[in-house]
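To keep things clear, I will list the structure first and then write my remarks on it.
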Amino acid sequence: MHDNTDLTLARIDRFLAEWIAPALHRERHPLEVSSWTVPDEPVPFDQARAATYTPHPVGTPWGAPWSTVWFHVTGDVPTDWPLPGTRVELDVDLGFIAQQPGFQAEGAAWTPDGVLVKGISPRNSWVPIADTSAPIDLYLEGAANPDVPGNQWTKPTVLGDKATSGADPIYRLRHVDVVLVDTEVAGLVADATALRGLVHTLPTTSPRRAEVVRALEVMCDVVDPDDVPGTATAGREALAAALAAPAVASAHKVHAVGHAHIDSAWLWPVRETVRKVSRTVANVLALMDEDPDVTFAFSSAQQFAWIEQYYPELFERLRARVAEGRVLPVGGMWVESDTNMVGSEALVRQFVQGKRFFIEQLGFEPTNVWLPDSFGYTGSFPQVAALAGSPDFLTQKLSWNDTNRIPHHTFWWEGIDGTRVFTHFPPVDTYNSDLTGPELARASDQFAEKGAANTSLVPFGYGDGGGGPTREMVAAAHRTADLEGSPTVALSTPQGFFDAARAEYAENAPTWVGELYLEYHRGTYTSQSRTKRGNRRSEHLLREAELWAATAAVRTGAAYPYEDLERAWRTTLLQQFHDILPGSSIAWVHREAERNYAALAADVEALISASLLSLTSGEGGAAGDGGGELVLNASPFARGGVAGLGAGPPSRRRRPPARPTRAAGCWRTRGCGSPSTAAVS
């Protein structure tokens, strides 16, 4: 028999791309679009709704870099829609760059009464229509975020700051249509895509591969290209037997967890991250409305807090899904921070602030650490994680090592004090999987613990503005749940994975001792010195502020500035994010960080001065009613004749304070650990 497999596969690929996929939308009707360009920074929905809109025909350019344009979309669903076997939704193309799911324009769809319905991104561009009998009336918030690197990661760019990025529009509105989606064609696309992906992974001599190729070939024969909707069922029947063949007993077991890694700043400023998070969460909730099996792992208390602050209605819907057990807070930290440059106290505070928020606001305590993208991990981290009540650890970034590969995927990580945490390093080598056949095969092929264990976690979903998990990914998970030639795939949770992995392997897992070093991004630790200096100064000031505020509260009854200190700590913790503190973000991010550090220093210095004034004057003060000079030593070591963490008269042999400054009635020197000097008259 002649082998014409290559020609057959070329036919299958062309048939899928040129005939079946385009038939997904039976019909489409354009809607009326008008727009309003926000003069400067983004505005809340209420302000946008009250603006004056002008017609914006499809094909019209929009959006200077970093600008926001609101589109008002109106129209009607055709009276004979929906038809049997169809659904009605909105399909939006803001002018997307086709080759990537994020790092470009994004949108958000709002109802006139201020409900954020769904995010809009290149591979997640649908918006549900709740009532097909009512007129369509939606507002689309278009964010003209530029493609900053432009596939040139090592070259300077003017797009890293709004001040230099230009004023010309960079996108062109392609379409805003109400579409009639054929659900049977959608099923056929998912069936064929899953099997075509499987073909990529099987040996060319495999009988299973020949069987799948033959089934796809028959599908092409029975589907009429001139009537795909009418023959889609026949096509699915041709694929049914190939899809029904069960996986072998030894197949690798994948726990697929919906996820969207959203950097809290990187190629965009923090203010844009707030919107990226809201759009992604809206997408996830809309997907959960469609499929009861979808779960979503969501890290960083800071990102939950942004939703609570800026999108309260969305936060209540999110809270309900957390209570249901379908949105899973993970990580337990305030942000996915750097772990090498932060001070030990700050690393602890990442967990204290993060877990407190999750427990108090959501009634949920994460028990794992979720740091897929940080730039290596200090050897002291297992002790901090374990003491924080997080015995399980997940990372992915170490797959980027350029010389020495980490030899394990599931193992015990032992810190410098002997504390161990159960660690998983997903062999799929990505935290943005789309659950394709080649990715699932990579998870199975690369898993290092074969023979002793057989389970791994795959985080799936587009991150950084790509919108998270998609319908197509969930459809792929369902079709590979038990499929011959593929790992088995279960839509799962992080805890579900760790429980299964521990039961399978914990007793015999190998141990890695000490630092988990990333052989990549090394230059970040010597870049953006002002950001790094601001972080260390903030850590020192906050320690000193808490010392003197607590002392003043105990000794004099002064009010403890809890809210002010917590606000300052949260600013510091946010800016320890792994693309801010290491120095890998755009110019806008680092200029903003420097401004934040300067403002924080002024605020915390004022708190220190107020505490010192309380301690050194008035009834109960350390100086009593006497005059003279008093030195307060914030260092744990004796300085200038004054005991550590104590107060006393200045030593005669002590040098005068270096450049003292006047603040709220107190004299004090600059620099952590230096004695603070109060002038008492």
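In the structure tokens, the first chain shown is A, the next is B, and so on; residue numbers restart at 1 for each chain, and ligands run from 1 in the order shown.
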
With 10 Å as the cut-off and only C-alpha atoms counted, what is the closest atom pair between each nearby residue of region 163-198 of chain A and region 146-157 of chain A? Distances in Å to one decimal, ordered by chain and number, as a Markdown table.
| residue | atom | partner | partner_atom | distance |
| --- | --- | --- | --- | --- |
| A:Thr164 | CA | A:Thr157 | CA | 9.1 |
| A:Ser165 | CA | A:Thr157 | CA | 8.5 |
| A:Ile170 | CA | A:Pro146 | CA | 7.6 |
| A:Tyr171 | CA | A:Pro146 | CA | 9.1 |

Any idea what's packed within 12 Å of Ala509 (chain A), counting only C-alpha atoms, ignoring anything in its chain fewer than 6 positions away? Could you give it as a list in words?
His408, His409, Thr410, Phe411, Trp412, Trp413, Glu414, Arg420, Val421, Phe422, Thr423, His424, Ala448, Glu449, Lys450, Gly451, Ala452, Ala453, Ala501, Arg502 and Ala503 of chain A

For Gln104 (chain A): contacts at 9 Å, only C-alpha atoms, fewer than 6 positions along chain excluded, given as number ranges by chain:
A: 96-97, 121-122, 143-148, 465-466

Expected file: the selected residues, C-alpha atoms, as a CSV table (one decimal), in the first residue's frame:
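What ended up in out_26.csv:
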chain,number,residue,atom,x,y,z
A,96,PHE,CA,-5.7,42.1,17.1
A,97,ILE,CA,-2.2,40.9,16.2
A,121,SER,CA,-8.7,39.5,23.6
A,122,PRO,CA,-7.4,37.9,20.4
A,143,ALA,CA,-7.2,49.5,25.9
A,144,ALA,CA,-4.6,50.4,23.2
A,145,ASN,CA,-1.7,48.7,24.9
A,146,PRO,CA,1.2,48.5,22.5
A,147,ASP,CA,3.2,45.4,21.6
A,148,VAL,CA,6.2,46.7,23.4
A,465,GLY,CA,-3.9,39.9,29.1
A,466,GLY,CA,-4.6,36.8,27.0

Compile the contact shell of Ala553 (chain A) as a ChimeraX atom specification: residues with an atom at most 12 Å away, counting only C-alpha atoms, same-chain residues fewer than 4 positions apart removed.
/A:545-549,557-562,610-612,614-615,620-621

Contacts of region 374-379 of chain A at 9 Å or less, counting only C-alpha atoms, minus same-chain residues fewer than 4 places along, as a list in words?
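With the cut-off at 9 Å, the set is Glu336, Ser337, Asp338, Thr339, Asn340, Gln383, Thr395, Gln396, Lys397, Leu398, Glu414, Gly415, Ile416, Asp417, Val513, Gly514, Glu515, Leu516, Tyr517, Leu518, Glu519, Tyr520, His521, Arg522, Phe577, His578, Asp579 and Pro582 of chain A.
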
Go ahead and dump the residues you just picked, N, CA, C and O atoms, as a tab-separated table (two decimals), in the first residue's frame.
chain	number	residue	atom	x	y	z
A	336	GLU	N	3.35	37.56	43.68
A	336	GLU	CA	4.36	36.56	43.35
A	336	GLU	C	5.71	37.30	43.34
A	336	GLU	O	6.18	37.77	42.31
A	337	SER	N	6.33	37.35	44.50
A	337	SER	CA	7.47	38.24	44.69
A	337	SER	C	8.78	37.61	44.27
A	337	SER	O	8.90	36.39	44.09
A	338	ASP	N	9.78	38.48	44.12
A	338	ASP	CA	11.16	38.02	44.10
A	338	ASP	C	11.46	37.41	45.46
A	338	ASP	O	10.88	37.82	46.48
A	339	THR	N	12.36	36.43	45.51
A	339	THR	CA	12.69	35.83	46.81
A	339	THR	C	14.16	36.00	47.17
A	339	THR	O	14.58	35.57	48.24
A	340	ASN	N	14.94	36.62	46.30
A	340	ASN	CA	16.37	36.71	46.55
A	340	ASN	C	16.80	38.06	47.13
A	340	ASN	O	17.72	38.12	47.94
A	383	GLN	N	11.81	27.16	54.86
A	383	GLN	CA	11.48	27.42	56.26
A	383	GLN	C	10.36	28.44	56.38
A	383	GLN	O	9.41	28.26	57.15
A	395	THR	N	6.72	25.72	41.12
A	395	THR	CA	7.42	26.69	40.29
A	395	THR	C	7.56	26.13	38.88
A	395	THR	O	7.41	24.93	38.65
A	396	GLN	N	7.85	27.02	37.92
A	396	GLN	CA	8.06	26.60	36.54
A	396	GLN	C	9.31	27.22	35.93
A	396	GLN	O	9.94	26.66	35.04
A	397	LYS	N	9.69	28.38	36.42
A	397	LYS	CA	10.71	29.19	35.76
A	397	LYS	C	12.04	28.47	35.57
A	397	LYS	O	12.79	28.77	34.63
A	398	LEU	N	12.32	27.51	36.43
A	398	LEU	CA	13.63	26.86	36.36
A	398	LEU	C	13.82	26.05	35.09
A	398	LEU	O	14.95	25.66	34.76
A	414	GLU	N	14.66	20.93	50.32
A	414	GLU	CA	15.12	21.12	51.70
A	414	GLU	C	15.90	22.43	51.81
A	414	GLU	O	16.85	22.67	51.06
A	415	GLY	N	15.48	23.28	52.73
A	415	GLY	CA	16.14	24.55	52.94
A	415	GLY	C	17.39	24.44	53.78
A	415	GLY	O	17.78	23.36	54.25
A	416	ILE	N	18.02	25.59	54.00
A	416	ILE	CA	19.31	25.59	54.70
A	416	ILE	C	19.20	25.21	56.16
A	416	ILE	O	20.21	24.88	56.80
A	417	ASP	N	17.98	25.23	56.72
A	417	ASP	CA	17.82	24.83	58.13
A	417	ASP	C	17.29	23.41	58.25
A	417	ASP	O	17.01	22.94	59.35
A	513	VAL	N	18.66	20.01	48.01
A	513	VAL	CA	19.06	20.78	49.19
A	513	VAL	C	19.61	22.13	48.76
A	513	VAL	O	20.48	22.21	47.89
A	514	GLY	N	19.10	23.19	49.40
A	514	GLY	CA	19.65	24.52	49.19
A	514	GLY	C	18.93	25.30	48.11
A	514	GLY	O	17.82	24.98	47.69
A	515	GLU	N	19.59	26.35	47.65
A	515	GLU	CA	19.00	27.30	46.70
A	515	GLU	C	18.55	26.62	45.41
A	515	GLU	O	19.21	25.70	44.90
A	516	LEU	N	17.43	27.10	44.87
A	516	LEU	CA	17.02	26.73	43.52
A	516	LEU	C	17.44	27.90	42.62
A	516	LEU	O	16.77	28.94	42.56
A	517	TYR	N	18.55	27.73	41.95
A	517	TYR	CA	19.18	28.84	41.22
A	517	TYR	C	18.71	28.87	39.78
A	517	TYR	O	18.73	27.86	39.07
A	518	LEU	N	18.30	30.05	39.31
A	518	LEU	CA	17.88	30.23	37.93
A	518	LEU	C	19.05	30.72	37.10
A	518	LEU	O	19.60	31.79	37.35
A	519	GLU	N	19.41	29.95	36.09
A	519	GLU	CA	20.50	30.33	35.19
A	519	GLU	C	19.96	31.16	34.03
A	519	GLU	O	20.09	30.80	32.85
A	520	TYR	N	19.37	32.27	34.38
A	520	TYR	CA	18.76	33.13	33.36
A	520	TYR	C	18.40	34.44	34.07
A	520	TYR	O	18.34	34.48	35.30
A	521	HIS	N	18.17	35.48	33.33
A	521	HIS	CA	17.79	36.77	33.93
A	521	HIS	C	18.83	37.27	34.93
A	521	HIS	O	18.49	38.03	35.83
A	522	ARG	N	20.07	36.81	34.81
A	522	ARG	CA	21.05	37.18	35.83
A	522	ARG	C	21.26	38.69	35.91
A	522	ARG	O	21.48	39.24	36.98
A	577	PHE	N	7.35	42.65	43.58
A	577	PHE	CA	6.94	41.73	42.52
A	577	PHE	C	8.14	41.39	41.64
A	577	PHE	O	9.04	42.21	41.43
A	578	HIS	N	8.12	40.20	41.06
A	578	HIS	CA	9.33	39.69	40.42
A	578	HIS	C	9.69	40.34	39.09
A	578	HIS	O	10.72	39.99	38.49
A	579	ASP	N	8.90	41.28	38.60
A	579	ASP	CA	9.32	42.08	37.45
A	579	ASP	C	9.48	43.56	37.80
A	579	ASP	O	9.77	44.36	36.91
A	582	PRO	N	13.39	43.18	40.62
A	582	PRO	CA	14.58	42.76	39.86
A	582	PRO	C	14.97	43.73	38.75
A	582	PRO	O	16.10	43.69	38.28

Please identify all polymer residues within 9 Å of Pro426 (chain A), counting only C-alpha atoms, omitting same-chain residues fewer than 4 positions from it, and present them as an MDAnalysis selection string.
chainID A and resid 394:396 399 409:410 430:431 443 447 456:459

Compare A:Thr480, A:Ser278, A:Thr52, A:Thr201 by their minimum atom-to-atom distance to Pro438 (chain A), counting only C-alpha atoms, and give me the closest one.
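Among the listed residues, the smallest separation from Pro438 (chain A) belongs to A:Thr201.
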